[in-house]
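Asks: Below you'll find target.cif; it's mmCIF, C-alpha atoms and all ligand atoms.
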```
data_upload
#
loop_
_atom_site.label_atom_id
_atom_site.label_comp_id
_atom_site.auth_asym_id
_atom_site.auth_seq_id
_atom_site.Cartn_x
_atom_site.Cartn_y
_atom_site.Cartn_z
CA MET A 6 -46.53 34.90 23.22
CA LYS A 7 -47.20 31.27 22.21
CA ASN A 8 -49.82 30.53 19.59
CA VAL A 9 -52.19 27.70 20.51
CA LEU A 10 -54.53 25.80 18.19
CA ILE A 11 -57.66 24.35 19.80
CA ILE A 12 -59.13 21.44 17.78
CA PHE A 13 -62.72 20.41 18.41
CA GLY A 14 -65.65 18.46 16.97
CA GLY A 15 -64.95 15.17 15.21
CA ASN A 16 -67.11 12.25 14.20
CA SER A 17 -67.70 10.63 17.57
CA SER A 18 -70.95 10.62 19.51
CA GLU A 19 -69.34 13.23 21.76
CA HIS A 20 -69.07 15.93 19.05
CA ASP A 21 -71.34 18.36 20.90
CA VAL A 22 -69.56 17.89 24.22
CA SER A 23 -66.28 18.62 22.42
CA CYS A 24 -67.65 21.93 21.06
CA LYS A 25 -68.61 22.96 24.57
CA SER A 26 -65.22 21.95 26.00
CA ALA A 27 -63.47 23.97 23.25
CA LYS A 28 -65.62 27.03 23.91
CA SER A 29 -64.75 26.91 27.61
CA ILE A 30 -61.03 26.67 26.84
CA ALA A 31 -61.19 29.60 24.41
CA GLU A 32 -63.07 31.73 26.93
CA ASN A 33 -60.68 30.99 29.75
CA ILE A 34 -57.22 30.65 28.19
CA ASP A 35 -54.82 33.21 29.68
CA GLN A 36 -54.51 35.73 26.86
CA SER A 37 -51.58 37.45 28.51
CA LEU A 38 -49.59 34.26 27.81
CA PHE A 39 -51.21 32.72 24.75
CA SER A 40 -52.97 33.70 21.56
CA TYR A 41 -55.26 31.09 20.08
CA GLU A 42 -57.05 29.96 16.95
CA MET A 43 -59.59 27.19 16.49
CA VAL A 44 -60.13 24.31 14.12
CA GLY A 45 -63.42 22.43 13.90
CA ILE A 46 -63.68 18.96 12.40
CA THR A 47 -67.09 18.04 11.03
CA ARG A 48 -68.82 14.72 11.56
CA ASP A 49 -67.59 13.68 8.10
CA ASN A 50 -64.00 14.73 8.74
CA GLN A 51 -63.82 18.10 6.98
CA TRP A 52 -61.39 20.46 8.69
CA TYR A 53 -62.24 24.15 9.05
CA GLN A 54 -60.51 27.10 10.60
CA TYR A 55 -63.31 28.47 12.78
CA GLN A 56 -63.50 32.25 12.96
CA ASP A 57 -66.91 33.10 14.34
CA ASP A 58 -68.51 33.82 17.68
CA LEU A 59 -68.02 31.19 20.38
CA LYS A 60 -71.75 31.17 21.10
CA TYR A 61 -72.31 28.93 18.05
CA LEU A 62 -70.19 26.27 19.70
CA GLU A 63 -72.54 26.20 22.66
CA LYS A 64 -75.57 25.90 20.40
CA GLY A 65 -74.02 23.14 18.28
CA THR A 66 -74.37 25.26 15.11
CA TRP A 67 -70.74 26.20 14.52
CA LEU A 68 -70.90 24.93 10.93
CA GLU A 69 -73.18 27.85 10.10
CA GLY A 70 -70.56 30.31 11.40
CA LYS A 71 -67.70 31.97 9.53
CA LYS A 72 -65.04 29.41 8.63
CA ILE A 73 -62.36 28.56 6.07
CA GLU A 74 -61.79 25.05 4.79
CA ILE A 75 -58.35 23.60 5.52
CA ILE A 76 -57.00 21.64 2.59
CA HIS A 77 -53.70 20.54 4.14
CA PRO A 78 -54.28 19.94 7.87
CA ILE A 79 -50.70 18.96 8.66
CA ASN A 80 -49.21 22.10 7.08
CA PHE A 81 -51.83 24.13 8.88
CA LEU A 82 -51.10 22.56 12.26
CA LYS A 83 -47.36 23.13 11.86
CA GLN A 84 -47.83 26.91 12.05
CA PHE A 85 -48.70 26.73 15.75
CA ASP A 86 -46.49 26.38 18.81
CA VAL A 87 -48.83 23.83 20.35
CA VAL A 88 -52.11 22.07 19.61
CA PHE A 89 -54.79 21.55 22.26
CA PRO A 90 -56.92 18.65 20.93
CA ILE A 91 -60.23 18.50 22.75
CA ILE A 92 -62.07 15.87 20.73
CA HIS A 93 -63.62 13.16 22.91
CA GLY A 94 -64.01 9.58 21.67
CA THR A 95 -63.29 8.02 18.29
CA ASN A 96 -60.58 9.62 16.13
CA GLY A 97 -59.75 12.27 18.74
CA GLU A 98 -59.11 10.39 21.96
CA ASP A 99 -58.03 7.02 20.54
CA GLY A 100 -54.51 7.92 19.42
CA LYS A 101 -55.12 8.58 15.73
CA LEU A 102 -54.88 12.37 15.93
CA GLN A 103 -52.06 12.03 18.46
CA GLY A 104 -50.16 9.69 16.12
CA MET A 105 -50.41 12.17 13.29
CA MET A 106 -49.04 14.97 15.47
CA GLU A 107 -46.23 12.82 16.84
CA LEU A 108 -45.24 11.82 13.33
CA PHE A 109 -44.95 15.45 12.25
CA ASN A 110 -43.33 16.70 15.49
CA ILE A 111 -46.24 18.93 16.39
CA PRO A 112 -46.34 19.58 20.15
CA PHE A 113 -49.76 18.83 21.65
CA VAL A 114 -51.56 18.73 24.98
CA GLY A 115 -52.36 15.44 26.68
CA CYS A 116 -51.63 11.76 26.28
CA LYS A 117 -49.56 10.45 23.40
CA THR A 118 -50.58 7.77 20.91
CA LEU A 119 -50.01 4.63 22.96
CA SER A 120 -51.85 5.59 26.14
CA SER A 121 -54.69 7.18 24.15
CA ALA A 122 -55.18 3.96 22.18
CA ILE A 123 -55.04 1.77 25.29
CA GLY A 124 -57.49 4.01 27.15
CA MET A 125 -60.04 3.95 24.36
CA ASP A 126 -60.31 0.17 23.96
CA LYS A 127 -62.07 -1.30 26.97
CA GLU A 128 -60.64 -4.79 26.39
CA ILE A 129 -57.04 -3.63 26.08
CA SER A 130 -57.33 -1.34 29.09
CA LYS A 131 -58.77 -4.23 31.11
CA ILE A 132 -55.80 -6.41 30.16
CA MET A 133 -53.50 -3.60 31.31
CA PHE A 134 -55.39 -3.13 34.61
CA ASP A 135 -55.20 -6.89 35.27
CA SER A 136 -51.50 -6.92 34.55
CA ILE A 137 -50.83 -4.25 37.18
CA ASN A 138 -53.18 -5.84 39.72
CA ILE A 139 -55.83 -3.14 39.84
CA SER A 140 -59.12 -4.82 40.82
CA GLN A 141 -61.95 -5.01 38.31
CA VAL A 142 -65.41 -6.52 38.34
CA PRO A 143 -65.65 -9.97 36.73
CA TYR A 144 -65.81 -9.56 32.94
CA LEU A 145 -65.42 -11.33 29.66
CA VAL A 146 -64.97 -10.25 26.07
CA ILE A 147 -66.85 -11.75 23.15
CA ASP A 148 -66.40 -11.28 19.42
CA GLU A 149 -68.15 -12.89 16.46
CA ASP A 150 -68.36 -16.41 17.90
CA PHE A 151 -69.87 -16.90 21.34
CA GLU A 152 -72.12 -19.28 23.22
CA ILE A 153 -74.79 -17.51 25.26
CA ASN A 154 -74.87 -20.35 27.84
CA GLU A 155 -71.14 -20.08 28.33
CA ILE A 156 -71.52 -16.39 29.23
CA ILE A 157 -74.21 -17.26 31.76
CA GLN A 158 -71.96 -19.90 33.32
CA LYS A 159 -69.08 -17.46 33.65
CA ILE A 160 -70.78 -14.22 34.79
CA GLU A 161 -73.66 -13.91 37.25
CA PHE A 162 -76.79 -11.89 36.46
CA PRO A 163 -77.36 -8.97 36.47
CA MET A 164 -74.80 -8.13 33.78
CA ILE A 165 -73.89 -4.98 31.92
CA ILE A 166 -73.08 -5.20 28.22
CA LYS A 167 -70.89 -2.62 26.43
CA PRO A 168 -69.32 -2.08 23.01
CA ALA A 169 -65.52 -2.35 23.53
CA ASN A 170 -64.92 0.96 21.77
CA GLY A 171 -67.54 3.47 22.63
CA GLY A 172 -68.40 6.31 24.87
CA SER A 173 -71.18 8.32 26.47
CA SER A 174 -72.82 5.04 27.54
CA ILE A 175 -74.10 4.56 23.98
CA GLY A 176 -74.92 0.93 23.23
CA ILE A 177 -74.64 -0.04 26.91
CA SER A 178 -77.44 -1.95 28.65
CA LYS A 179 -78.14 -4.03 31.70
CA ALA A 180 -79.47 -7.60 31.47
CA GLU A 181 -81.21 -9.68 34.13
CA THR A 182 -82.26 -12.65 31.98
CA LYS A 183 -80.97 -14.68 29.06
CA GLU A 184 -83.40 -12.90 26.71
CA GLU A 185 -82.27 -9.49 27.89
CA LEU A 186 -78.66 -10.58 27.47
CA GLU A 187 -79.31 -11.57 23.86
CA GLN A 188 -81.01 -8.23 23.22
CA ALA A 189 -78.21 -6.30 24.94
CA ILE A 190 -75.56 -8.04 22.82
CA LEU A 191 -77.47 -7.14 19.64
CA GLU A 192 -77.67 -3.53 20.80
CA ALA A 193 -73.94 -3.32 21.63
CA LYS A 194 -73.08 -4.96 18.29
CA LYS A 195 -74.50 -1.94 16.48
CA TYR A 196 -71.43 -0.04 17.66
CA ASP A 197 -68.61 -2.60 17.75
CA HIS A 198 -68.02 -6.26 16.87
CA LYS A 199 -66.13 -6.66 20.14
CA ILE A 200 -68.34 -6.66 23.24
CA ILE A 201 -67.52 -6.45 26.95
CA ILE A 202 -69.78 -8.25 29.42
CA GLU A 203 -69.40 -7.43 33.11
CA LYS A 204 -71.12 -8.34 36.29
CA PHE A 205 -73.40 -5.39 37.14
CA ILE A 206 -72.58 -4.23 40.65
CA HIS A 207 -74.49 -1.90 42.93
CA CYS A 208 -71.88 0.62 43.82
CA ARG A 209 -70.85 4.25 44.19
CA GLU A 210 -69.21 5.85 41.14
CA LEU A 211 -66.07 7.84 41.81
CA GLU A 212 -63.89 9.84 39.47
CA CYS A 213 -60.38 11.04 40.06
CA ALA A 214 -58.45 13.76 38.17
CA VAL A 215 -54.73 13.28 37.57
CA LEU A 216 -52.60 16.20 36.40
CA GLU A 217 -48.90 16.50 35.65
CA LYS A 218 -47.45 19.70 37.10
CA ASP A 219 -43.74 20.52 37.33
CA GLN A 220 -42.98 16.86 36.58
CA GLN A 221 -45.01 15.75 39.61
CA LEU A 222 -48.40 14.08 39.60
CA ILE A 223 -51.27 15.83 41.30
CA CYS A 224 -54.12 13.49 42.05
CA SER A 225 -57.42 14.99 43.13
CA SER A 226 -59.69 13.63 45.79
CA PRO A 227 -62.40 11.66 44.02
CA GLY A 228 -65.73 13.18 43.10
CA GLU A 229 -68.91 11.14 43.14
CA VAL A 230 -71.49 10.80 40.41
CA ILE A 231 -74.98 10.08 41.63
CA ALA A 232 -76.73 8.92 38.48
CA SER A 233 -80.42 9.70 38.12
CA ASN A 234 -81.10 6.33 36.47
CA GLU A 235 -80.21 2.82 37.52
CA PHE A 236 -76.80 3.46 35.99
CA TYR A 237 -75.13 6.45 34.36
CA ASP A 238 -76.67 5.86 30.95
CA TYR A 239 -76.96 8.37 28.09
CA ASP A 240 -80.19 9.82 29.46
CA ALA A 241 -78.71 10.30 32.95
CA LYS A 242 -75.50 11.78 31.49
CA TYR A 243 -76.91 14.29 29.02
CA ILE A 244 -80.69 14.42 28.88
CA ASN A 245 -82.67 14.35 32.09
CA GLN A 246 -80.30 16.67 34.01
CA LYS A 247 -81.13 15.01 37.31
CA SER A 248 -77.77 13.36 37.97
CA ILE A 249 -75.70 14.97 40.70
CA THR A 250 -71.97 15.26 41.26
CA LYS A 251 -70.56 15.54 44.75
CA ILE A 252 -67.14 17.05 45.45
CA PRO A 253 -65.73 16.25 47.92
CA THR A 254 -67.34 12.96 48.87
CA ASP A 255 -68.06 11.65 52.35
CA LEU A 256 -65.87 8.57 51.83
CA PRO A 257 -63.56 7.35 54.60
CA ILE A 258 -60.04 8.72 54.17
CA GLU A 259 -58.54 5.23 53.63
CA ILE A 260 -60.81 4.73 50.63
CA VAL A 261 -59.99 8.19 49.23
CA ASP A 262 -56.27 7.48 49.60
CA LYS A 263 -56.54 4.05 48.00
CA ILE A 264 -58.44 5.44 45.01
CA LYS A 265 -55.89 8.24 44.57
CA GLU A 266 -53.04 5.76 44.77
CA ASN A 267 -54.66 3.50 42.16
CA ALA A 268 -55.33 6.45 39.85
CA LYS A 269 -51.67 7.44 40.02
CA ILE A 270 -50.46 3.90 39.35
CA VAL A 271 -52.73 3.60 36.31
CA PHE A 272 -51.66 7.00 34.96
CA LYS A 273 -47.99 6.10 35.28
CA ARG A 274 -48.17 2.52 34.00
CA LEU A 275 -50.21 3.49 30.96
CA GLN A 276 -47.55 6.14 30.31
CA CYS A 277 -50.09 8.93 30.32
CA ARG A 278 -49.00 12.51 29.85
CA GLY A 279 -50.59 15.81 30.88
CA TYR A 280 -53.91 14.73 32.25
CA ALA A 281 -56.48 11.96 32.54
CA ARG A 282 -59.59 11.12 34.56
CA VAL A 283 -59.64 7.70 36.15
CA ASP A 284 -63.06 6.28 37.11
CA PHE A 285 -63.77 3.78 39.87
CA PHE A 286 -66.60 1.89 41.53
CA TYR A 287 -66.81 1.50 45.29
CA ASP A 288 -68.89 -1.29 46.71
CA SER A 289 -69.51 0.01 50.22
CA LYS A 290 -71.06 -3.25 51.45
CA GLU A 291 -68.04 -5.31 50.44
CA GLN A 292 -65.71 -2.32 50.97
CA LYS A 293 -64.09 -3.03 47.62
CA ILE A 294 -62.73 -0.63 45.02
CA TYR A 295 -62.80 -1.52 41.33
CA ILE A 296 -61.44 0.46 38.43
CA ASN A 297 -63.94 1.16 35.64
CA GLU A 298 -61.98 3.07 33.03
CA ILE A 299 -59.54 5.82 32.14
CA ASN A 300 -60.46 8.84 30.01
CA THR A 301 -57.50 10.50 28.32
CA ILE A 302 -59.53 13.50 27.06
CA PRO A 303 -62.13 13.96 29.81
CA GLY A 304 -65.07 16.36 29.50
CA PHE A 305 -63.48 19.78 29.82
CA THR A 306 -66.08 22.53 30.11
CA SER A 307 -65.47 24.78 33.10
CA ILE A 308 -68.17 22.87 35.00
CA SER A 309 -67.16 19.34 33.92
CA MET A 310 -65.98 16.84 36.51
CA TYR A 311 -62.27 17.03 35.63
CA PRO A 312 -61.77 20.82 35.95
CA THR A 313 -64.00 20.90 39.03
CA LEU A 314 -61.95 18.19 40.74
CA ILE A 315 -58.77 20.14 39.95
CA GLU A 316 -60.34 23.38 41.18
CA ASN A 317 -61.01 21.60 44.46
CA GLU A 318 -57.22 21.11 44.64
CA HIS A 319 -56.84 24.93 44.43
CA ILE A 320 -55.90 25.11 40.77
CA SER A 321 -58.23 27.39 38.82
CA TYR A 322 -59.59 26.44 35.39
CA GLN A 323 -57.39 29.10 33.76
CA GLU A 324 -54.31 27.88 35.61
CA LEU A 325 -55.16 24.30 34.58
CA ILE A 326 -55.22 25.29 30.90
CA THR A 327 -51.86 27.05 31.31
CA ILE A 328 -50.31 24.03 33.04
CA LEU A 329 -51.49 21.67 30.28
CA ILE A 330 -50.14 23.90 27.51
CA GLU A 331 -46.84 24.47 29.28
CA ASN A 332 -46.44 20.70 29.81
CA ALA A 333 -46.84 20.19 26.08
CA LEU A 334 -44.29 22.87 25.22
N1 LIG B 1 -69.90 -3.28 36.07
C1 LIG B 1 -70.77 -2.29 36.23
N2 LIG B 1 -71.72 -2.36 37.21
C2 LIG B 1 -72.61 -1.36 37.37
N3 LIG B 1 -72.68 -0.27 36.59
C3 LIG B 1 -71.78 -0.16 35.60
C4 LIG B 1 -70.78 -1.16 35.37
N4 LIG B 1 -70.02 -0.77 34.31
C5 LIG B 1 -70.53 0.40 33.91
N5 LIG B 1 -71.58 0.78 34.66
C6 LIG B 1 -72.40 1.99 34.49
O1 LIG B 1 -72.42 2.33 33.10
C7 LIG B 1 -71.85 3.63 32.88
C8 LIG B 1 -71.10 3.65 31.58
O2 LIG B 1 -70.08 2.67 31.55
P1 LIG B 1 -68.60 2.99 31.07
O3 LIG B 1 -68.06 4.13 31.87
O4 LIG B 1 -67.83 1.74 31.09
O5 LIG B 1 -68.77 3.39 29.55
P2 LIG B 1 -68.81 4.82 28.84
O6 LIG B 1 -69.20 5.85 29.81
O7 LIG B 1 -69.63 4.70 27.63
O8 LIG B 1 -67.37 5.09 28.48
P3 LIG B 1 -66.73 6.53 28.39
O9 LIG B 1 -66.73 7.11 29.77
O10 LIG B 1 -65.44 6.24 27.79
O11 LIG B 1 -67.63 7.39 27.55
C9 LIG B 1 -70.99 3.85 34.11
O12 LIG B 1 -70.81 5.23 34.33
C10 LIG B 1 -71.81 3.16 35.21
O13 LIG B 1 -72.89 3.97 35.64
MG MG B 2 -67.60 6.19 31.72
#
```
For the structure just supplied, provide its representation as structure tokens.
Replies:
Amino acid sequence: MKNVLIIFGGNSSEHDVSCKSAKSIAENIDQSLFSYEMVGITRDNQWYQYQDDLKYLEKGTWLEGKKIEIIHPINFLKQFDVVFPIIHGTNGEDGKLQGMMELFNIPFVGCKTLSSAIGMDKEISKIMFDSINISQVPYLVIDEDFEINEIIQKIEFPMIIKPANGGSSIGISKAETKEELEQAILEAKKYDHKIIIEKFIHCRELECAVLEKDQQLICSSPGEVIASNEFYDYDAKYINQKSITKIPTDLPIEIVDKIKENAKIVFKRLQCRGYARVDFFYDSKEQKIYINEINTIPGFTSISMYPTLIENEHISYQELITILIENAL
């Protein structure tokens, strides 16, 4: 019986989502094959061995549960056969945790340091997508020095403005005028000095799950997100509960195949391992596919997009967890 350590929480904006993903894994892990323990990381980077009821993870109150502080995280991690990190966003998905585990030879689920770091930084991933000829919407990157008129000359309105390192649509806004653009840049700057500006396109949003199984890549048919707001902003993602996901989609088979092929290329060329969700836009008027981004630790509750896409490929959530752990071993 292999002993698995599930790590959740962290200091990113996606802390609560991580707790829910971890709870789902703990509830569904095949206990005839694996035993498990859990570690929670607080928003200020304290590590605790979590020993209480899983229900507190759902409620976001795990810190009130029974727990033991971990003084030496690396020594603690080394006691396990494999770590399943399920921290989304900063410090969990950006290669830092992965780097630490690689350095100390601790086997872990999912992408290694390099692909995690590339996937997290929207500028660097865009450079990678360009270099392997995967289409993207027109974009530019600005840092401390920029000329607002130059942006307007280069990208047409409407635009969408994003912090380069972020998540959950936090700090992202749409701009239709120069004034709105200035406001949107100020908003994005709260989260990162580096800002991505893209042409805002009216499109369908499609997400594809890639999974390594028996050294082969399984690529799911895409699922569609129908956002309840003008775009899939924070409110549409987590608050108003009116967004819909559609699996499978009604897309023509050529489009489905093209998206799957692109997802596989991106997974391979970014040297991903285990799993990743690759997100696309489809402009049905122009019949064009654009990549949006790659997520190396996608939302992972039993009803999240990634597990649901894999389930649609006839791999149950429990089987998916087993495959990911066995890959890492
Ligand atoms: N160029 C674009 N045109 C139209 N809508 C866009 C464009 N880029 C992003 N969006 C909308 O904004 C949402 C959030 O953008 P994006 O996925 O890049 O950031 P994020 O969700 O914060 O990143 P992460 O998924 O890593 O948390 C998308 O799901 C989509 O609805
Ligand atoms: Mg996204």
Asks: Within 9 Å of ligand MG 2 (chain B), which residues show up when you count only C-alpha atoms and all ligand atoms? List them as a ChimeraX atom specification, please.
Replies: /A:172-174,237,284,297-300
Asks: Could you please take those selected residues and save C-alpha atoms as a JSON list (two decimals), keeping the file's coordinate frame?
Replies:
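Everything below was put into selection11.json:
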```json
[["chain", "number", "residue", "atom", "x", "y", "z"],
["A", 172, "GLY", "CA", -68.40, 6.31, 24.87],
["A", 173, "SER", "CA", -71.18, 8.32, 26.47],
["A", 174, "SER", "CA", -72.82, 5.04, 27.54],
["A", 237, "TYR", "CA", -75.13, 6.45, 34.36],
["A", 284, "ASP", "CA", -63.06, 6.28, 37.11],
["A", 297, "ASN", "CA", -63.94, 1.16, 35.64],
["A", 298, "GLU", "CA", -61.98, 3.07, 33.03],
["A", 299, "ILE", "CA", -59.54, 5.82, 32.14],
["A", 300, "ASN", "CA", -60.46, 8.84, 30.01]]
```
Asks: CA of Phe134 (chain A) and CA of Gln221 (chain A), how far apart in Å?
Replies: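 Spanning CA of Gln221 (chain A) to CA of Phe134 (chain A) is a straight-line distance of 22.1 Å.
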Asks: For region 178-183 of chain A, list every protein, DNA or RNA residue within 9 Å, evaluated using only C-alpha atoms, and leave out those in the same chain fewer than 4 positions away; present the list as a CSV table (one decimal) with C-alpha atoms, in the coordinates of the input.
Replies:
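Final output, part-v1.csv:
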```
chain,number,residue,atom,x,y,z
A,153,ILE,CA,-74.8,-17.5,25.3
A,154,ASN,CA,-74.9,-20.4,27.8
A,157,ILE,CA,-74.2,-17.3,31.8
A,162,PHE,CA,-76.8,-11.9,36.5
A,163,PRO,CA,-77.4,-9.0,36.5
A,164,MET,CA,-74.8,-8.1,33.8
A,165,ILE,CA,-73.9,-5.0,31.9
A,166,ILE,CA,-73.1,-5.2,28.2
A,167,LYS,CA,-70.9,-2.6,26.4
A,174,SER,CA,-72.8,5.0,27.5
A,187,GLU,CA,-79.3,-11.6,23.9
A,188,GLN,CA,-81.0,-8.2,23.2
A,189,ALA,CA,-78.2,-6.3,24.9
A,190,ILE,CA,-75.6,-8.0,22.8
A,192,GLU,CA,-77.7,-3.5,20.8
A,193,ALA,CA,-73.9,-3.3,21.6
A,205,PHE,CA,-73.4,-5.4,37.1
A,236,PHE,CA,-76.8,3.5,36.0
A,238,ASP,CA,-76.7,5.9,31.0
```
Asks: Calculate how many Å separate CA of Glu324 (chain A) from CA of Pro312 (chain A), rounding to one decimal.
Replies: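 These two atoms are separated by 10.3 Å.
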Asks: What does the distance from CA of Ile330 (chain A) to CA of Asn16 (chain A) come to in Å, to one decimal?
Replies: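 For CA of Ile330 (chain A) relative to CA of Asn16 (chain A), the distance reads 24.5 Å.
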Asks: My list of candidates is A:Leu62, A:Cys224, A:Ile315, A:Ala122. Which is closest to ligand LIG 1 (chain B) when distances are computed with all atoms listed in the file?
Replies: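 Between A:Leu62, A:Cys224, A:Ile315, A:Ala122, the residue approaching ligand LIG 1 (chain B) most closely is A:Ala122.
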Asks: My structure is short of atoms at region 29-44 of chain A; please model N, CA and C atoms there, returning them as a PDB file, in the frame of the given file.
Replies:
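The resulting file, out33.pdb, is shown below:
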```
ATOM      1  N   SER A  29     -65.216  26.592  26.255  1.00  0.00           N
ATOM      2  CA  SER A  29     -64.750  26.910  27.610  1.00  0.00           C
ATOM      3  C   SER A  29     -63.254  27.218  27.630  1.00  0.00           C
ATOM      4  N   ILE A  30     -62.479  26.430  26.872  1.00  0.00           N
ATOM      5  CA  ILE A  30     -61.030  26.670  26.840  1.00  0.00           C
ATOM      6  C   ILE A  30     -60.750  28.045  26.232  1.00  0.00           C
ATOM      7  N   ALA A  31     -61.409  28.326  25.097  1.00  0.00           N
ATOM      8  CA  ALA A  31     -61.190  29.600  24.410  1.00  0.00           C
ATOM      9  C   ALA A  31     -61.569  30.777  25.311  1.00  0.00           C
ATOM     10  N   GLU A  32     -62.623  30.628  26.067  1.00  0.00           N
ATOM     11  CA  GLU A  32     -63.070  31.730  26.930  1.00  0.00           C
ATOM     12  C   GLU A  32     -62.155  31.947  28.130  1.00  0.00           C
ATOM     13  N   ASN A  33     -61.450  30.900  28.506  1.00  0.00           N
ATOM     14  CA  ASN A  33     -60.680  30.990  29.750  1.00  0.00           C
ATOM     15  C   ASN A  33     -59.173  30.969  29.594  1.00  0.00           C
ATOM     16  N   ILE A  34     -58.672  30.711  28.398  1.00  0.00           N
ATOM     17  CA  ILE A  34     -57.220  30.650  28.190  1.00  0.00           C
ATOM     18  C   ILE A  34     -56.612  32.006  28.579  1.00  0.00           C
ATOM     19  N   ASP A  35     -55.454  31.989  29.213  1.00  0.00           N
ATOM     20  CA  ASP A  35     -54.820  33.210  29.680  1.00  0.00           C
ATOM     21  C   ASP A  35     -54.232  33.968  28.487  1.00  0.00           C
ATOM     22  N   GLN A  36     -54.919  35.023  28.077  1.00  0.00           N
ATOM     23  CA  GLN A  36     -54.510  35.730  26.860  1.00  0.00           C
ATOM     24  C   GLN A  36     -53.329  36.653  27.069  1.00  0.00           C
ATOM     25  N   SER A  37     -52.834  36.722  28.321  1.00  0.00           N
ATOM     26  CA  SER A  37     -51.580  37.450  28.510  1.00  0.00           C
ATOM     27  C   SER A  37     -50.399  36.535  28.190  1.00  0.00           C
ATOM     28  N   LEU A  38     -50.651  35.222  28.120  1.00  0.00           N
ATOM     29  CA  LEU A  38     -49.590  34.260  27.810  1.00  0.00           C
ATOM     30  C   LEU A  38     -49.725  33.642  26.425  1.00  0.00           C
ATOM     31  N   PHE A  39     -50.975  33.466  25.993  1.00  0.00           N
ATOM     32  CA  PHE A  39     -51.210  32.720  24.750  1.00  0.00           C
ATOM     33  C   PHE A  39     -52.189  33.455  23.829  1.00  0.00           C
ATOM     34  N   SER A  40     -51.932  33.340  22.531  1.00  0.00           N
ATOM     35  CA  SER A  40     -52.970  33.700  21.560  1.00  0.00           C
ATOM     36  C   SER A  40     -53.534  32.363  21.080  1.00  0.00           C
ATOM     37  N   TYR A  41     -54.726  32.372  20.521  1.00  0.00           N
ATOM     38  CA  TYR A  41     -55.260  31.090  20.080  1.00  0.00           C
ATOM     39  C   TYR A  41     -56.068  31.213  18.792  1.00  0.00           C
ATOM     40  N   GLU A  42     -56.130  30.094  18.087  1.00  0.00           N
ATOM     41  CA  GLU A  42     -57.050  29.960  16.950  1.00  0.00           C
ATOM     42  C   GLU A  42     -57.763  28.626  17.114  1.00  0.00           C
ATOM     43  N   MET A  43     -58.797  28.424  16.316  1.00  0.00           N
ATOM     44  CA  MET A  43     -59.590  27.190  16.490  1.00  0.00           C
ATOM     45  C   MET A  43     -59.789  26.460  15.170  1.00  0.00           C
ATOM     46  N   VAL A  44     -59.788  25.136  15.272  1.00  0.00           N
ATOM     47  CA  VAL A  44     -60.130  24.310  14.120  1.00  0.00           C
ATOM     48  C   VAL A  44     -61.282  23.381  14.512  1.00  0.00           C
TER      49      VAL A  44
END
```
